[in-house]
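To be precise, the following lines are coords08.cif, and they hold mmCIF, C-alpha atoms.
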data_entry
loop_
_atom_site.label_atom_id
_atom_site.label_comp_id
_atom_site.auth_asym_id
_atom_site.auth_seq_id
_atom_site.Cartn_x
_atom_site.Cartn_y
_atom_site.Cartn_z
CA MET A 1 -38.83 9.24 8.20
CA ASP A 2 -40.98 6.34 7.11
CA THR A 3 -39.72 3.07 5.74
CA GLU A 4 -41.36 3.51 2.35
CA PHE A 5 -39.34 6.68 1.72
CA VAL A 6 -36.10 4.84 2.61
CA ARG A 7 -37.04 2.05 0.18
CA VAL A 8 -37.64 4.51 -2.66
CA ALA A 9 -34.38 6.33 -1.88
CA TYR A 10 -32.53 2.99 -1.87
CA MET A 11 -34.03 2.13 -5.27
CA ILE A 12 -32.94 5.50 -6.66
CA VAL A 13 -29.37 4.81 -5.49
CA VAL A 14 -29.48 1.38 -7.17
CA LEU A 15 -30.76 2.91 -10.43
CA SER A 16 -28.07 5.61 -10.35
CA MET A 17 -25.51 2.79 -10.03
CA TYR A 18 -26.99 1.22 -13.20
CA VAL A 19 -26.64 4.56 -15.01
CA ASN A 20 -23.02 4.85 -13.79
CA ILE A 21 -22.21 1.32 -14.96
CA GLY A 22 -23.93 1.88 -18.32
CA VAL A 23 -22.21 5.19 -19.01
CA SER A 24 -18.78 3.86 -18.06
CA LEU A 25 -19.31 0.74 -20.21
CA TYR A 26 -20.31 3.03 -23.09
CA ALA A 27 -17.19 5.13 -22.63
CA ALA A 28 -14.92 2.09 -22.33
CA LEU A 29 -16.33 0.60 -25.56
CA ALA A 30 -17.09 3.61 -27.73
CA LYS A 31 -14.45 6.23 -26.96
CA PRO A 32 -11.37 5.75 -29.14
CA ASN A 33 -9.03 7.50 -26.68
CA LEU A 34 -7.15 5.01 -24.48
CA VAL A 35 -6.90 7.43 -21.53
CA LYS A 36 -10.67 7.94 -21.59
CA LYS A 37 -11.13 4.17 -21.71
CA ILE A 38 -8.97 3.80 -18.59
CA ILE A 39 -10.89 6.57 -16.78
CA ALA A 40 -14.17 4.83 -17.71
CA LEU A 41 -12.85 1.52 -16.36
CA THR A 42 -11.98 3.11 -13.00
CA ILE A 43 -15.48 4.64 -12.83
CA LEU A 44 -16.94 1.20 -13.64
CA GLY A 45 -14.89 -0.43 -10.88
CA ASP A 46 -15.84 2.20 -8.32
CA SER A 47 -19.55 1.93 -9.23
CA VAL A 48 -19.48 -1.83 -8.79
CA ASN A 49 -17.66 -1.44 -5.48
CA THR A 50 -20.28 1.03 -4.24
CA PHE A 51 -22.94 -1.45 -5.34
CA ILE A 52 -21.31 -4.21 -3.27
CA ILE A 53 -21.06 -1.88 -0.25
CA LEU A 54 -24.82 -1.23 -0.61
CA VAL A 55 -25.48 -4.93 0.12
CA GLY A 56 -24.21 -4.35 3.67
CA TYR A 57 -26.57 -1.40 4.07
CA ARG A 58 -29.02 -1.36 6.99
CA PHE A 59 -32.24 0.57 7.30
CA TRP A 60 -31.95 3.54 9.62
CA ARG A 61 -34.94 4.44 11.73
CA PRO A 62 -35.28 6.97 14.54
CA GLY A 63 -33.98 5.37 17.70
CA VAL A 64 -31.72 2.92 15.86
CA PHE A 65 -28.01 3.63 16.23
CA LEU A 66 -25.78 1.99 13.61
CA GLN A 67 -22.00 1.68 13.78
CA PRO A 68 -19.13 0.44 11.60
CA PRO A 69 -18.06 -3.18 12.16
CA VAL A 70 -15.41 -2.15 14.71
CA LEU A 71 -15.65 -3.11 18.37
CA THR A 72 -14.42 -0.11 20.39
CA ASN A 73 -14.55 -1.82 23.76
CA LEU A 74 -11.44 -3.97 24.31
CA ARG A 75 -12.85 -5.68 27.44
CA PRO A 76 -16.36 -6.50 26.18
CA THR A 77 -19.08 -8.01 28.34
CA SER A 78 -21.61 -10.27 26.63
CA GLU A 79 -24.09 -7.37 26.71
CA VAL A 80 -21.65 -5.17 24.74
CA ILE A 81 -21.19 -7.91 22.13
CA ARG A 82 -24.96 -8.43 21.85
CA GLN A 83 -25.47 -4.70 21.15
CA PHE A 84 -22.54 -4.78 18.68
CA LEU A 85 -24.28 -7.58 16.72
CA GLU A 86 -27.44 -5.50 16.44
CA LYS A 87 -25.83 -2.19 15.53
CA ALA A 88 -22.90 -3.04 13.26
CA VAL A 89 -23.18 -3.12 9.47
CA ASP A 90 -22.08 -6.13 7.42
CA PRO A 91 -18.24 -6.30 7.31
CA ILE A 92 -17.98 -8.85 4.47
CA PRO A 93 -18.80 -6.52 1.51
CA GLN A 94 -16.38 -3.98 2.94
CA ALA A 95 -13.63 -6.61 3.14
CA LEU A 96 -14.28 -7.69 -0.46
CA VAL A 97 -14.23 -4.10 -1.71
CA LEU A 98 -11.08 -3.28 0.24
CA THR A 99 -8.96 -5.72 -1.76
CA ALA A 100 -10.85 -4.97 -4.98
CA ILE A 101 -9.88 -1.29 -4.77
CA VAL A 102 -6.17 -2.07 -4.54
CA ILE A 103 -6.35 -4.66 -7.33
CA ASN A 104 -8.23 -2.07 -9.40
CA LEU A 105 -5.43 0.40 -8.72
CA ALA A 106 -2.78 -2.14 -9.76
CA VAL A 107 -4.66 -2.96 -12.97
CA THR A 108 -5.06 0.76 -13.69
CA VAL A 109 -1.32 1.24 -13.23
CA PHE A 110 -0.69 -1.64 -15.65
CA LEU A 111 -3.12 -0.17 -18.21
CA ALA A 112 -1.51 3.26 -17.85
CA THR A 113 1.87 1.68 -18.54
CA VAL A 114 0.49 -0.03 -21.64
CA ALA A 115 -1.07 3.24 -22.84
CA LEU A 116 2.22 5.09 -22.33
CA HIS A 117 4.06 2.38 -24.23
CA MET A 118 1.55 2.61 -27.09
CA TYR A 119 1.94 6.38 -27.17
CA ARG A 120 5.71 6.05 -27.50
CA HIS A 121 5.24 3.40 -30.18
CA PHE A 122 2.51 4.96 -32.35
CA GLY A 123 2.68 8.62 -31.34
CA THR A 124 -1.03 8.58 -30.46
CA VAL A 125 -3.44 7.02 -27.96
CA ASN A 126 -6.41 7.17 -30.34
CA MET A 127 -7.35 3.57 -31.10
CA ASP A 128 -9.00 4.50 -34.43
CA VAL A 129 -5.72 6.00 -35.68
CA VAL A 130 -3.75 3.05 -34.33
CA GLY A 131 -6.04 0.64 -36.17
CA ARG A 132 -5.68 2.63 -39.40
CA LEU A 133 -1.88 2.63 -39.03
CA LYS A 134 -1.84 -1.12 -38.55
CA ARG A 135 -4.16 -1.74 -41.53
CA TYR A 136 -1.96 0.49 -43.69
CA GLU A 137 1.12 -1.44 -42.61
CA VAL A 138 -0.53 -4.82 -43.27
CA ARG A 139 -1.67 -3.72 -46.78
CA LYS A 140 1.85 -2.49 -47.55
CA GLU A 141 3.31 -5.84 -46.60
CA MET A 142 0.69 -7.76 -48.61
CA ALA A 143 1.27 -5.70 -51.76
CA MET T 1 -21.62 8.93 -36.25
CA LEU T 2 -23.76 5.84 -36.83
CA ARG T 3 -21.61 3.98 -34.34
CA ASP T 4 -22.19 6.64 -31.67
CA VAL T 5 -25.97 6.50 -32.18
CA ALA T 6 -25.92 2.70 -32.00
CA PHE T 7 -23.90 2.78 -28.78
CA ALA T 8 -26.17 5.44 -27.23
CA VAL T 9 -29.33 3.47 -28.06
CA THR T 10 -27.79 0.27 -26.64
CA LEU T 11 -26.84 2.17 -23.48
CA VAL T 12 -30.34 3.55 -22.95
CA VAL T 13 -31.94 0.13 -23.60
CA PHE T 14 -29.48 -1.50 -21.17
CA ILE T 15 -30.27 0.95 -18.36
CA VAL T 16 -34.04 0.89 -18.94
CA LEU T 17 -34.13 -2.92 -19.00
CA LEU T 18 -32.15 -3.16 -15.73
CA ALA T 19 -34.28 -0.44 -14.14
CA VAL T 20 -37.56 -2.14 -15.12
CA ALA T 21 -36.32 -5.51 -13.88
CA THR T 22 -35.21 -4.00 -10.57
CA GLY T 23 -38.44 -2.01 -10.22
CA LEU T 24 -40.47 -5.20 -10.65
CA GLY T 25 -38.44 -6.81 -7.84
CA GLY T 26 -35.79 -8.62 -9.87
CA LEU T 27 -33.20 -8.30 -7.11
CA GLY T 28 -35.67 -9.45 -4.43
CA PRO T 29 -36.10 -7.43 -1.25
CA LEU T 30 -33.31 -4.89 -0.83
CA PRO T 31 -31.09 -5.11 1.11
CA PRO T 32 -31.03 -8.94 0.92
CA PRO T 33 -32.23 -10.24 4.33
CA ARG T 34 -30.63 -13.67 3.99
CA LEU T 35 -27.11 -12.19 4.22
CA ARG T 36 -27.59 -10.87 7.75
CA PRO T 37 -26.96 -14.20 9.58
CA LEU T 38 -23.58 -14.39 7.82
CA ALA T 39 -22.66 -10.91 9.06
CA VAL T 40 -23.88 -11.73 12.58
CA ASN T 41 -21.74 -14.87 12.59
CA VAL T 42 -18.61 -12.92 11.62
CA LEU T 43 -19.35 -10.04 14.01
CA ASN T 44 -19.97 -12.46 16.86
CA THR T 45 -16.67 -14.28 16.50
CA THR T 46 -14.31 -11.45 15.56
CA TYR T 47 -13.45 -10.48 19.15
CA ASN T 48 -15.31 -12.57 21.67
CA PRO T 49 -13.86 -13.99 24.88
CA TYR T 50 -17.09 -15.91 25.61
CA TYR T 51 -18.23 -17.46 22.36
CA ALA T 52 -17.96 -21.27 22.44
CA ALA T 53 -14.97 -21.09 24.80
CA ARG T 54 -13.06 -18.84 22.38
CA ASN T 55 -12.77 -21.66 19.87
CA PHE T 56 -13.41 -19.69 16.70
CA THR T 57 -12.36 -16.11 17.37
CA ALA T 58 -9.98 -13.98 15.29
CA ASP T 59 -9.13 -11.82 18.33
CA ALA T 60 -9.32 -8.59 16.34
CA PRO T 61 -11.87 -5.90 17.30
CA GLU T 62 -11.94 -4.76 13.65
CA ALA T 63 -14.15 -7.18 11.75
CA VAL T 64 -13.10 -6.06 8.26
CA THR T 65 -9.40 -6.87 8.77
CA ALA T 66 -10.39 -10.12 10.46
CA VAL T 67 -12.44 -11.09 7.38
CA VAL T 68 -9.66 -10.07 5.01
CA TRP T 69 -6.80 -11.99 6.63
CA ASP T 70 -8.50 -14.67 8.75
CA TYR T 71 -11.98 -15.68 7.56
CA ARG T 72 -11.11 -15.17 3.87
CA GLY T 73 -7.32 -15.33 4.19
CA LEU T 74 -6.69 -17.59 1.19
CA ASP T 75 -8.75 -15.24 -0.98
CA THR T 76 -6.57 -12.31 0.05
CA VAL T 77 -3.33 -14.22 -0.52
CA PHE T 78 -4.41 -14.86 -4.11
CA GLU T 79 -5.50 -11.25 -4.56
CA THR T 80 -2.01 -10.27 -3.48
CA ALA T 81 -0.74 -12.61 -6.20
CA VAL T 82 -2.99 -10.84 -8.75
CA PHE T 83 -1.56 -7.52 -7.62
CA TYR T 84 1.95 -8.96 -7.99
CA GLY T 85 1.13 -10.16 -11.52
CA ALA T 86 -0.26 -6.79 -12.62
CA ILE T 87 2.93 -5.06 -11.47
CA ILE T 88 5.05 -7.74 -13.20
CA GLY T 89 3.13 -7.05 -16.43
CA ALA T 90 3.81 -3.32 -16.17
CA LEU T 91 7.51 -3.93 -15.53
CA ALA T 92 7.84 -6.42 -18.38
CA LEU T 93 6.96 -3.69 -20.91
CA TYR T 94 10.01 -1.69 -19.86
CA ARG T 95 12.39 -4.55 -19.17
CA GLU T 96 15.13 -3.08 -21.38
CA VAL T 97 15.38 0.29 -19.68
CA SER T 98 14.04 -0.32 -16.20
CA LYS T 99 17.40 -1.33 -14.76
CA ARG T 100 19.32 1.57 -16.33
CA VAL T 101 20.25 4.50 -14.10
CA GLU T 102 19.17 7.97 -15.28
CA GLU T 103 21.98 10.12 -16.69
CA SER T 104 20.12 13.43 -16.62
CA ARG T 105 20.23 15.43 -13.38
CA PRO T 106 17.14 17.64 -13.23
CA ARG T 107 17.10 20.32 -10.54
CA GLY T 108 13.53 19.76 -9.41
CA LEU T 109 11.15 22.38 -8.03
CA SER T 110 12.06 25.37 -5.81
CA THR T 111 13.63 25.10 -2.34
CA ILE T 112 10.36 26.02 -0.57
CA VAL T 113 8.51 23.15 -2.22
CA LYS T 114 11.40 20.77 -1.58
CA VAL T 115 11.64 21.54 2.15
CA SER T 116 7.88 21.32 2.74
CA THR T 117 7.78 18.07 0.74
CA ALA T 118 10.60 16.60 2.83
CA VAL T 119 8.52 17.27 5.97
CA MET T 120 5.35 15.91 4.37
CA VAL T 121 7.01 12.68 3.19
CA VAL T 122 7.94 11.80 6.79
CA ALA T 123 4.34 12.47 7.83
CA ILE T 124 2.97 10.33 4.97
CA ALA T 125 5.24 7.44 5.92
CA ALA T 126 4.25 7.75 9.61
CA VAL T 127 0.53 7.72 8.76
CA GLY T 128 1.05 4.68 6.51
CA VAL T 129 2.95 2.67 9.10
CA SER T 130 0.43 3.48 11.85
CA THR T 131 -2.42 2.49 9.50
CA ALA T 132 -0.80 -0.92 9.06
CA MET T 133 0.10 -1.44 12.73
CA HIS T 134 -3.41 -0.40 13.89
CA GLY T 135 -5.18 -2.40 11.20
CA GLN T 136 -6.60 -4.88 13.71
CA LEU T 137 -7.94 -2.12 16.03
CA THR T 138 -9.17 0.69 13.78
CA PRO T 139 -10.21 0.83 10.12
CA GLY T 140 -7.08 0.27 8.06
CA GLY T 141 -4.67 -2.47 7.13
CA GLY T 142 -1.90 -3.48 4.80
CA PHE T 143 -3.49 -2.52 1.48
CA GLN T 144 -4.48 0.96 2.63
CA ALA T 145 -1.13 1.53 4.36
CA GLY T 146 0.79 0.48 1.24
CA SER T 147 -1.28 2.80 -0.94
CA ILE T 148 -0.70 5.68 1.50
CA ILE T 149 3.05 5.08 1.60
CA ALA T 150 3.25 4.81 -2.20
CA VAL T 151 2.16 8.46 -2.37
CA ALA T 152 5.52 9.50 -0.88
CA PRO T 153 7.73 8.36 -3.81
CA VAL T 154 5.27 9.88 -6.31
CA VAL T 155 5.53 13.27 -4.60
CA LEU T 156 9.31 12.88 -4.39
CA LEU T 157 9.49 11.99 -8.10
CA VAL T 158 7.64 15.19 -9.03
CA VAL T 159 9.29 17.58 -6.57
CA PHE T 160 12.84 16.22 -6.68
CA SER T 161 13.65 13.85 -9.56
CA LYS T 162 14.11 10.21 -10.43
CA SER T 163 17.88 10.47 -10.13
CA PHE T 164 17.48 11.93 -6.62
CA LEU T 165 15.43 8.91 -5.57
CA GLU T 166 17.94 6.53 -7.16
CA LYS T 167 20.80 8.24 -5.32
CA ALA T 168 18.81 7.91 -2.09
CA GLY T 169 18.66 4.13 -2.60
CA VAL T 170 15.11 3.74 -4.01
CA ARG T 171 16.19 1.65 -6.99
CA TYR T 172 14.47 -0.83 -9.28
CA ALA T 173 16.34 -3.90 -8.04
CA LYS T 174 15.88 -3.04 -4.36
CA MET T 175 12.15 -2.41 -4.70
CA VAL T 176 11.58 -5.63 -6.68
CA ALA T 177 13.56 -7.55 -4.05
CA LEU T 178 11.60 -5.96 -1.19
CA ARG T 179 8.30 -6.73 -2.90
CA SER T 180 9.22 -10.36 -3.55
CA ALA T 181 10.55 -10.77 0.00
CA ALA T 182 7.27 -9.42 1.40
CA LEU T 183 5.26 -11.84 -0.76
CA VAL T 184 7.42 -14.77 0.37
CA GLY T 185 6.95 -13.54 3.95
CA ILE T 186 3.16 -13.60 3.50
CA GLY T 187 3.42 -17.18 2.24
CA LEU T 188 5.61 -18.24 5.16
CA ALA T 189 3.37 -16.51 7.72
CA ALA T 190 0.40 -18.36 6.20
CA LEU T 191 2.21 -21.70 6.49
CA ALA T 192 3.95 -21.01 9.84
CA VAL T 193 1.35 -22.61 12.14
CA ALA T 194 0.90 -25.64 9.89
CA ILE T 195 4.68 -26.22 9.72
CA ALA T 196 5.09 -25.79 13.48
CA ALA T 197 2.20 -28.18 14.10
CA GLY T 198 3.76 -30.72 11.77
CA ALA T 199 7.05 -30.47 13.64
CA MET T 200 5.28 -30.95 17.00
CA GLY T 201 3.08 -33.75 15.76
CA CYS T 202 -0.34 -32.15 16.16
CA TRP T 203 -2.98 -30.77 13.79
CA GLY T 204 -2.58 -27.34 12.21
CA TYR T 205 -4.20 -25.43 9.37
CA VAL T 206 -2.80 -23.25 6.60
CA LEU T 207 -3.61 -19.59 7.39
CA GLN T 208 -4.52 -20.55 10.96
CA ASN T 209 -4.59 -17.58 13.30
CA GLN T 210 -5.85 -18.53 16.77
CA PRO T 211 -5.88 -22.03 18.30
CA LYS T 212 -8.84 -24.21 17.28
CA PRO T 213 -10.37 -27.14 19.21
CA ASP T 214 -8.50 -29.71 17.10
CA ALA T 215 -5.41 -27.57 16.40
CA PRO T 216 -3.82 -26.27 19.62
CA LEU T 217 -1.19 -23.96 18.07
CA GLY T 218 -1.70 -20.33 17.02
CA TYR T 219 -0.29 -16.82 16.94
CA PRO T 220 -0.14 -14.88 20.26
CA PRO T 221 -3.39 -12.85 20.51
CA ARG T 222 -1.72 -9.85 22.20
CA ALA T 223 1.40 -7.77 21.59
CA LEU T 224 2.40 -5.40 24.43
CA ASP T 225 -1.01 -5.95 26.05
CA VAL T 226 -2.83 -4.68 22.96
CA PRO T 227 -4.91 -7.07 20.81
CA SER T 228 -2.67 -7.85 17.84
CA GLY T 229 -5.13 -10.13 16.07
CA GLY T 230 -2.42 -12.80 16.01
CA SER T 231 -1.36 -13.23 12.40
CA LEU T 232 -3.35 -10.17 11.23
CA MET T 233 -0.65 -7.74 12.35
CA VAL T 234 2.10 -9.80 10.64
CA PHE T 235 0.09 -9.98 7.41
CA ASN T 236 -0.74 -6.27 7.50
CA VAL T 237 2.89 -5.18 7.88
CA LEU T 238 4.08 -7.57 5.13
CA GLU T 239 1.25 -6.51 2.81
CA MET T 240 2.13 -2.86 3.43
CA LEU T 241 5.72 -3.55 2.32
CA ALA T 242 4.57 -5.48 -0.76
CA VAL T 243 2.05 -2.87 -1.92
CA ALA T 244 4.28 0.13 -1.19
CA ALA T 245 7.31 -1.39 -2.95
CA GLY T 246 5.18 -2.59 -5.88
CA PHE T 247 3.67 0.82 -6.57
CA THR T 248 7.03 2.54 -6.03
CA VAL T 249 8.77 0.38 -8.63
CA VAL T 250 6.00 0.99 -11.19
CA PHE T 251 6.10 4.74 -10.63
CA LEU T 252 9.89 4.65 -10.97
CA VAL T 253 9.59 2.85 -14.31
CA LEU T 254 6.75 5.13 -15.49
CA SER T 255 8.87 8.21 -14.78
CA THR T 256 11.76 7.02 -16.93
CA SER T 257 13.02 9.95 -19.00
CA GLU T 258 11.70 10.14 -22.56
CA LYS T 259 15.19 9.75 -24.00
CA LEU T 260 15.76 6.46 -22.20
CA ALA T 261 12.21 5.17 -22.72
CA LYS T 262 12.41 5.72 -26.50
CA GLU T 263 15.13 3.07 -26.61
CA GLU T 264 12.49 0.54 -25.60
CA VAL T 265 10.61 1.03 -28.89
CA VAL T 266 13.67 1.29 -31.14
CA GLY T 267 13.33 -1.09 -34.08
CA GLU T 268 9.54 -1.28 -33.69
CA GLU T 269 8.87 1.53 -36.16
CA HIS T 270 8.12 -1.01 -38.88
CA GLY T 271 5.75 -3.92 -38.68
CA TYR T 272 3.76 -2.53 -35.75
#

Let's see the structure in the file written out as structure tokens.
Amino acid sequence: MDTEFVRVAYMIVVLSMYVNIGVSLYAALAKPNLVKKIIALTILGDSVNTFIILVGYRFWRPGVFLQPPVLTNLRPTSEVIRQFLEKAVDPIPQALVLTAIVINLAVTVFLATVALHMYRHFGTVNMDVVGRLKRYEVRKEMA
Amino acid sequence: MLRDVAFAVTLVVFIVLLAVATGLGGLGPLPPPRLRPLAVNVLNTTYNPYYAARNFTADAPEAVTAVVWDYRGLDTVFETAVFYGAIIGALALYREVSKRVEESRPRGLSTIVKVSTAVMVVAIAAVGVSTAMHGQLTPGGGFQAGSIIAVAPVVLLVVFSKSFLEKAGVRYAKMVALRSAALVGIGLAALAVAIAAGAMGCWGYVLQNQPKPDAPLGYPPRALDVPSGGSLMVFNVLEMLAVAAGFTVVFLVLSTSEKLAKEEVVGEEHGY
């Protein structure tokens, strides 16, 4: 497998991330349904997280053995540590994404609670209908 | 209709612009080569008995957990605070009914499902706890463990009922107290070395894990002859409690019966 092919494949992955981000932004902005908005936001978060993970990516070539950033030898010699430095992928993007996923989950839970509350309040999760209801109510009070 | 077309055109333009910019080399060489020295620095110090006389090691073979709770510990403490705030926001919406105990007594699913769920819940809890306790050795840690454990109450809520969980002691007040206690514990564990150093009259840092050249105190690097990562294990267990209790309390509130939850919006029919 030559390096040029890996570069092109990497670029295709990056472009597919752009498409993912664009489509989820579109859904979050344009779809009137609150549940669909929340689903789009989770897709957006996961796309961005995958993007961050890509930064820690390393080119694979025949003869190169890569490993996760975990040292499996508990009594390492300096030779083991030197090999670990060469083989392991970048741990920092993974650490950033790790917390981001849980925060994303907590925010999703909060948004789901808000959507449920709105459903009990308005009887619908369609933001167009909710907006119409509110306009109607405001006009009635102004009259 | 016009709005949909406008959005679709904007979307296509957005993607094409980004793609053209990236194709022309807008992001520079990918993956960015300048980030590698940073990774090598972290990987070299995460578990190294030789490096600079052990002065800057986290003593955890798992570099990701070491980054989360040692190298970028303050960052993670504040992310825990964000998590705490999001849960607080969800609870605040149901403040009227969240403390009320359910009156209805649903029977739940069939006996077969109940028995197999009871077995599975023990397994889920065991996997979660081991994920937290092994966070410094294998991929895992407090966030993942808490999320795993939070699956158990969700399954119980569906298979049994909310009133079953409340009778078993998983109540709103208890979960909120557990979550707050875990957060306070994280704060105290972060300050522990600095406070101890202040009492003994030497230097110490907030969120310090292992001894540094100018700060001689630190957490013990081993527990039962296994690398414990010093403070990493403490943080992981506390974070597991905080995340598990936080998700549990939100799921409890979300599964409030419709009859009770409607009381929350009483009087809001007018005025929106």

9 Å contact set for stretch 244-259 of chain T, only C-alpha atoms, chain neighbours under 6 positions out, as a PDB file with C-alpha atoms, keeping the file's coordinate frame:
ATOM      1  CA  ALA A 106      -2.780  -2.140  -9.760  1.00  0.00           C
ATOM      2  CA  VAL A 109      -1.320   1.240 -13.230  1.00  0.00           C
ATOM      3  CA  PHE A 110      -0.690  -1.640 -15.650  1.00  0.00           C
ATOM      4  CA  ALA A 112      -1.510   3.260 -17.850  1.00  0.00           C
ATOM      5  CA  THR A 113       1.870   1.680 -18.540  1.00  0.00           C
ATOM      6  CA  LEU A 116       2.220   5.090 -22.330  1.00  0.00           C
ATOM      7  CA  ARG A 120       5.710   6.050 -27.500  1.00  0.00           C
TER       8      ARG A 120
ATOM      9  CA  PHE T  83      -1.560  -7.520  -7.620  1.00  0.00           C
ATOM     10  CA  TYR T  84       1.950  -8.960  -7.990  1.00  0.00           C
ATOM     11  CA  ILE T  87       2.930  -5.060 -11.470  1.00  0.00           C
ATOM     12  CA  ILE T  88       5.050  -7.740 -13.200  1.00  0.00           C
ATOM     13  CA  ALA T  90       3.810  -3.320 -16.170  1.00  0.00           C
ATOM     14  CA  LEU T  91       7.510  -3.930 -15.530  1.00  0.00           C
ATOM     15  CA  TYR T  94      10.010  -1.690 -19.860  1.00  0.00           C
ATOM     16  CA  VAL T  97      15.380   0.290 -19.680  1.00  0.00           C
ATOM     17  CA  SER T  98      14.040  -0.320 -16.200  1.00  0.00           C
ATOM     18  CA  LYS T  99      17.400  -1.330 -14.760  1.00  0.00           C
ATOM     19  CA  GLU T 102      19.170   7.970 -15.280  1.00  0.00           C
ATOM     20  CA  SER T 104      20.120  13.430 -16.620  1.00  0.00           C
ATOM     21  CA  PHE T 143      -3.490  -2.520   1.480  1.00  0.00           C
ATOM     22  CA  ALA T 145      -1.130   1.530   4.360  1.00  0.00           C
ATOM     23  CA  GLY T 146       0.790   0.480   1.240  1.00  0.00           C
ATOM     24  CA  SER T 147      -1.280   2.800  -0.940  1.00  0.00           C
ATOM     25  CA  ILE T 148      -0.700   5.680   1.500  1.00  0.00           C
ATOM     26  CA  ILE T 149       3.050   5.080   1.600  1.00  0.00           C
ATOM     27  CA  ALA T 150       3.250   4.810  -2.200  1.00  0.00           C
ATOM     28  CA  VAL T 151       2.160   8.460  -2.370  1.00  0.00           C
ATOM     29  CA  ALA T 152       5.520   9.500  -0.880  1.00  0.00           C
ATOM     30  CA  PRO T 153       7.730   8.360  -3.810  1.00  0.00           C
ATOM     31  CA  VAL T 154       5.270   9.880  -6.310  1.00  0.00           C
ATOM     32  CA  LEU T 157       9.490  11.990  -8.100  1.00  0.00           C
ATOM     33  CA  LYS T 162      14.110  10.210 -10.430  1.00  0.00           C
ATOM     34  CA  LEU T 165      15.430   8.910  -5.570  1.00  0.00           C
ATOM     35  CA  VAL T 170      15.110   3.740  -4.010  1.00  0.00           C
ATOM     36  CA  ARG T 171      16.190   1.650  -6.990  1.00  0.00           C
ATOM     37  CA  TYR T 172      14.470  -0.830  -9.280  1.00  0.00           C
ATOM     38  CA  ALA T 173      16.340  -3.900  -8.040  1.00  0.00           C
ATOM     39  CA  LYS T 174      15.880  -3.040  -4.360  1.00  0.00           C
ATOM     40  CA  MET T 175      12.150  -2.410  -4.700  1.00  0.00           C
ATOM     41  CA  VAL T 176      11.580  -5.630  -6.680  1.00  0.00           C
ATOM     42  CA  ALA T 177      13.560  -7.550  -4.050  1.00  0.00           C
ATOM     43  CA  LEU T 178      11.600  -5.960  -1.190  1.00  0.00           C
ATOM     44  CA  ARG T 179       8.300  -6.730  -2.900  1.00  0.00           C
TER      45      ARG T 179
END

field: Length of the atom CA of A:Ser24 to atom CA of T:Phe7 vector [Å]
entry: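 One can read the atom CA of A:Ser24 to atom CA of T:Phe7 distance as 11.9 Å.
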
- prompt: Quick one: which residues from chain A are at most 7 Å off chain T, using only C-alpha atoms, as a ChimeraX atom specification?
  reply: /A:15,18-19,22,26,30,55,57,69-71,85,90-92,94-95,102-103,106-107,110,113,120-121,134,137

- prompt: For A:Met127, which residue among A:Leu105, A:Val13, A:Ala143, A:Ala115 is the nearest when counting all atoms listed in the file?
  reply: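 Answer, going by the shortest atom-to-atom distance: A:Ala115.
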
query: If we count only C-alpha atoms, what is near stretch 234-238 of chain T at a cut-off of 7 Å, once residues fewer than 5 positions away on the same chain are taken out, given as a VMD selection string?
result: chain T and resid 132 to 133 135 141 to 142 182 185 to 186

- request: Check what the PyMOL selection byres ((chain T and resi 196) around 12) selects in the file above and give those residues as a PyMOL selection string.
  value: chain T and resi 188-195+197-206+208+215-219

Edge lengths and centre, in Å to one decimal, as AutoDock Vina command-line options: that's what I need for the box along x, y and z that holds all listed atoms of stretch 64-71 of chain A plus 6 Å on each side.
--center_x -23.6 --center_y 0.2 --center_z 15.0 --size_x 28.3 --size_y 18.8 --size_z 18.8

- request: In Å, rounded to a single decimal, give me how far atom CA of A:Leu54 is from atom CA of A:Leu74.
  value: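 Separation of atom CA of A:Leu74 and atom CA of A:Leu54: 28.4 Å.
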
task: Run the PyMOL selection byres ((chain A and resi 40) around 9) against the file shown and list the residues it catches, as an MDAnalysis selection string.
output: chainID A and resid 23:28 35:39 41:45

- prompt: For the atom pair atom CA of T:Ala58 and atom CA of T:Pro213, what is the interatomic distance in Å to one decimal place?
  reply: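 We find that atom CA of T:Ala58 and atom CA of T:Pro213 lie 13.7 Å from each other.
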
message: I'd like the contact shell of T:Phe164 - 10 Å cut-off, all atoms listed in the file, skipping same-chain residues fewer than 3 positions apart - returned as a PyMOL selection string.
response: chain T and resi 102+105-108+156-157+159-161+167-170

Have stretch 223-228 of chain T completed to N, CA and C atoms, please, and pass it along as a tab-separated table (two decimals), in the frame of the given file.
chain	number	residue	atom	x	y	z
T	223	ALA	N	0.03	-8.26	21.65
T	223	ALA	CA	1.40	-7.77	21.59
T	223	ALA	C	1.46	-6.52	22.45
T	224	LEU	N	2.29	-6.52	23.48
T	224	LEU	CA	2.40	-5.40	24.43
T	224	LEU	C	1.04	-5.07	25.03
T	225	ASP	N	0.29	-6.10	25.40
T	225	ASP	CA	-1.01	-5.95	26.05
T	225	ASP	C	-2.07	-5.27	25.18
T	226	VAL	N	-1.83	-5.22	23.88
T	226	VAL	CA	-2.83	-4.68	22.96
T	226	VAL	C	-3.24	-5.83	22.04
T	227	PRO	N	-4.53	-5.99	21.74
T	227	PRO	CA	-4.91	-7.07	20.81
T	227	PRO	C	-4.18	-6.91	19.48
T	228	SER	N	-3.42	-7.93	19.10
T	228	SER	CA	-2.67	-7.85	17.84
T	228	SER	C	-3.37	-8.64	16.75
